[in-house]
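Asker: The structure is given below, and queries will be raised subsequently.
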Amino acid sequence: MIKLGKTIAIYASAALAITACTTPDAKAHKPAAQKAATPQVTYKTTDLGAGIYMLEGRGGNVGFSVGADGILVIDDQFGNNVEGVIAQIRKISDAPISYVLNTHWHGDHAGGNEAMHKEGAMIVAHDNVRLRMKSGGTIFGRNVPASPAVALPTLTFSHSQTFHWNEHEIHLFHSPNSHTDGDALIHFRDANVIHTGDTFFALNYPFIDLSSGGSIDGFIATLKQVASIADDETKIIPGHGPLSTKQDIETMIEVMSEARATVQTLLDQGKSEADIIALDPLKTLSETYGQGFINGERMTTIIIKSLSK
């Protein structure tokens with residue numbers, strides 16, 4: 001039985017945010033003149049201390065650091081609401097936006113790159129983020145177009161990179177084959193803040209993008225890696241959902257490990273994908289974690305396909 005780290009409430013916006021992750025905004029990469037009207041978005045900015053903020057809106061959670069060196073942003077949501085993201089940041093500081101760190105390539109996290117580039121920001125990401133944004137791809141059967149050159153990361157890394165910015169030591173490191181093959185975790189070591197990108201979804205089952213190199217085993221391994229560098233005081237910005245703690249990470253490790261083991265047992269018994277889906281093996285877990293876009297059937301299917309590779 002999983003012990004919950006805190007009372008879990010499913011926000012009405014959670015399904016929208018997770019759906020956004022799986023269907024990157026095709027309009028996000030069009031020139032500004034061709035963009036659809038900016039959608040109405042409710043933003044929430046949380047002060048994490050030491051000049052670090054978490055911004056919730058439409059799409060993946062944004063983190064940003066404000067200080068004497070300027071502004072460093074982690075992810076920038078969709079192209080057609082990035083101006084709203086910038087406006088929220090401007091409520092805190094009018095300093096130049098110098099860097100944007102992409103946690104991965106999906107449009108709800110990197111769709112605002114073009115606008116951020118025009119703000120003067122250098123885009124930073126893992127090598128595979130640039131490759132996937134440059135070529136486009138397919139997610140859940142939907143074609144994702146290639147990004148324009150101005151939206152591509154201009155500084156990439158293969159394993160890790162460290163920024164010394166606003167008196168913080170900000171360590172970026174790659175977590176292989178987790179949510180995608182280009183995930184980066186961002187750790188403000190001195191401030192005890194971690195942005196996980198979509199290697200952690202608070203409150204719900206995660207989306208593991210197998211078409212972008214993600215895997216169930218890599219996802220669990222990354223959660224364990226986050227837990228190993230966190231302590232009880234660490235503030236964790238998830239890819240989607242509310243500000244979280246190490247205990248929330250540990251709970252999700254248990255959830256995903258149990259889900260994996262349950263499906264693996266049925267595969268070892270020789271059952272087909274259709275047989276396993278019909279059994280609804282994650283039913284109990286799904287009562288809590290399957291209420292978003294990734295329901296029990298989708299989570300089961302993702303695990304089956306990942307373990308069968």
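Starting from 1 in every chain, residues are counted up; chains themselves are A, B, ... following the order of the structure tokens, and ligands are numbered from 1 as listed.
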May I have the residues within 12 Å of Met299 in chain A as a ChimeraX atom specification, using only C-alpha atoms and disregarding those fewer than 4 positions away in the same chain?
Answerer: /A:204-210,215-216,255-256,259-260,262-263,276-277,280-283,285-286,289-295,303-306
Asker: Can you tell me which residues surround Gly49 in chain A at a distance of at most 8 Å, considering only C-alpha atoms, apart from same-chain residues fewer than 3 positions away, and format the answer as a list in words?
Answerer: Ile52, Tyr53 and Ala191 of chain A
Asker: Put those residues in a file: N, CA and C atoms, as a PDB file, in the first residue's frame.
Answerer:
```pdb
ATOM      1  N   ILE A  52      14.614  33.141  -6.343  1.00  0.00           N
ATOM      2  CA  ILE A  52      14.161  32.051  -7.211  1.00  0.00           C
ATOM      3  C   ILE A  52      12.639  31.957  -7.120  1.00  0.00           C
ATOM      4  N   TYR A  53      12.007  31.780  -8.275  1.00  0.00           N
ATOM      5  CA  TYR A  53      10.548  31.754  -8.337  1.00  0.00           C
ATOM      6  C   TYR A  53      10.057  30.572  -9.162  1.00  0.00           C
ATOM      7  N   ALA A 191      20.778  26.915  -2.889  1.00  0.00           N
ATOM      8  CA  ALA A 191      19.425  27.322  -2.491  1.00  0.00           C
ATOM      9  C   ALA A 191      18.510  26.135  -2.220  1.00  0.00           C
TER      10      ALA A 191
END
```
Asker: Could you tell me how far CA of Ala121 in chain A sits from CA of Ala95 in chain A, in Å to one decimal place?
Answerer: 11.6 Å
Asker: As an exercise, work out the distance from CA of Leu155 in chain A to CA of Ser178 in chain A in Å and give it to one decimal place.
Answerer: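 Pair CA of Leu155 in chain A / CA of Ser178 in chain A returns 21.6 Å.
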Asker: Write out as an mmCIF file with N, CA, C and O atoms, in the first residue's frame the residues lying within 8 Å of range 146-149 of chain A, counting only C-alpha atoms and excluding same-chain residues fewer than 3 positions away.
Answerer:
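Output (part_34.cif):
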```
data_model
loop_
_atom_site.group_PDB
_atom_site.id
_atom_site.type_symbol
_atom_site.label_atom_id
_atom_site.label_comp_id
_atom_site.auth_asym_id
_atom_site.auth_seq_id
_atom_site.Cartn_x
_atom_site.Cartn_y
_atom_site.Cartn_z
ATOM 1 N N HIS A 29 5.568 27.758 -33.054
ATOM 2 C CA HIS A 29 6.785 28.085 -33.786
ATOM 3 C C HIS A 29 6.527 28.946 -35.021
ATOM 4 O O HIS A 29 7.392 29.094 -35.855
ATOM 5 N N GLU A 114 11.415 31.085 -29.228
ATOM 6 C CA GLU A 114 11.618 32.117 -30.239
ATOM 7 C C GLU A 114 11.455 33.511 -29.627
ATOM 8 O O GLU A 114 12.282 34.405 -29.847
ATOM 9 N N ARG A 132 16.074 17.160 -31.745
ATOM 10 C CA ARG A 132 14.643 16.881 -31.924
ATOM 11 C C ARG A 132 13.877 18.127 -32.352
ATOM 12 O O ARG A 132 12.971 18.051 -33.192
ATOM 13 N N MET A 133 14.234 19.274 -31.800
ATOM 14 C CA MET A 133 13.566 20.503 -32.223
ATOM 15 C C MET A 133 13.899 20.847 -33.666
ATOM 16 O O MET A 133 13.060 21.366 -34.407
ATOM 17 N N LYS A 134 15.104 20.531 -34.075
ATOM 18 C CA LYS A 134 15.535 20.842 -35.436
ATOM 19 C C LYS A 134 14.837 19.958 -36.468
ATOM 20 O O LYS A 134 14.543 20.394 -37.591
ATOM 21 N N SER A 135 14.558 18.709 -36.092
ATOM 22 C CA SER A 135 13.978 17.758 -37.046
ATOM 23 C C SER A 135 12.479 17.567 -36.882
ATOM 24 O O SER A 135 11.804 17.104 -37.807
ATOM 25 N N GLY A 136 11.919 17.919 -35.710
ATOM 26 C CA GLY A 136 10.520 17.615 -35.447
ATOM 27 C C GLY A 136 10.362 16.146 -35.113
ATOM 28 O O GLY A 136 11.342 15.402 -34.986
ATOM 29 N N GLY A 137 9.138 15.700 -34.968
ATOM 30 C CA GLY A 137 8.921 14.298 -34.617
ATOM 31 C C GLY A 137 7.450 13.974 -34.511
ATOM 32 O O GLY A 137 6.591 14.711 -34.998
ATOM 33 N N LEU A 152 15.975 27.302 -31.638
ATOM 34 C CA LEU A 152 16.829 26.175 -31.248
ATOM 35 C C LEU A 152 17.809 26.576 -30.150
ATOM 36 O O LEU A 152 18.272 27.722 -30.110
#
```
Asker: Which polymer residues have any atom within 7 Å of an atom of His117 in chain A, counting only C-alpha atoms, with same-chain residues fewer than 4 positions away left out, as JSON, numbers by chain?
Answerer: {"A": [113, 121, 122, 150, 151]}
Asker: As a ChimeraX atom specification, which residues of range 69-162 of chain A does DSSP assign to alpha helix (DSSP H)?
Answerer: /A:82-90,107-110,113-118,127-135
Asker: Please compute the CA of Ile194 in chain A-CA of Gly63 in chain A distance, one decimal, in Å.
Answerer: 9.5 Å
Asker: Got a sec: who's within 12 Å of Phe163 in chain A, counting only C-alpha atoms, leaving out chain neighbours fewer than 4 positions off, as a list in words?
Answerer: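 Using only C-alpha atoms, the neighbours found are Ser65, Asp69, Leu72, Ser98, Tyr99, Val100, Leu101, Val124, Glu167, His168, Glu169, Ile170, His171, Leu172, Phe173, Ile186, His187, Phe188 and Arg189 of chain A.
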Asker: In range 47-242 of chain A, what's strand (DSSP E or B) per DSSP? Answer as JSON, numbers by chain?
Answerer: {"A": [47, 48, 49, 52, 53, 54, 55, 56, 62, 63, 64, 65, 66, 67, 70, 71, 72, 73, 74, 97, 98, 99, 100, 101, 122, 123, 124, 125, 126, 137, 138, 139, 142, 143, 144, 155, 156, 157, 160, 161, 162, 163, 164, 165, 168, 169, 170, 171, 172, 173, 174, 184, 185, 186, 187, 188, 193, 194, 195, 196, 197, 198, 199, 200, 201, 235, 236, 237, 238, 239, 240]}
Asker: Given the choices A:Ala230, A:Ile97, A:Gly107, A:Ala50, which gets closest to Ile123 in chain A if the distance is worked out from only C-alpha atoms?
Answerer: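 Ranking A:Ala230, A:Ile97, A:Gly107, A:Ala50 by distance to Ile123 in chain A, first place goes to A:Ile97.
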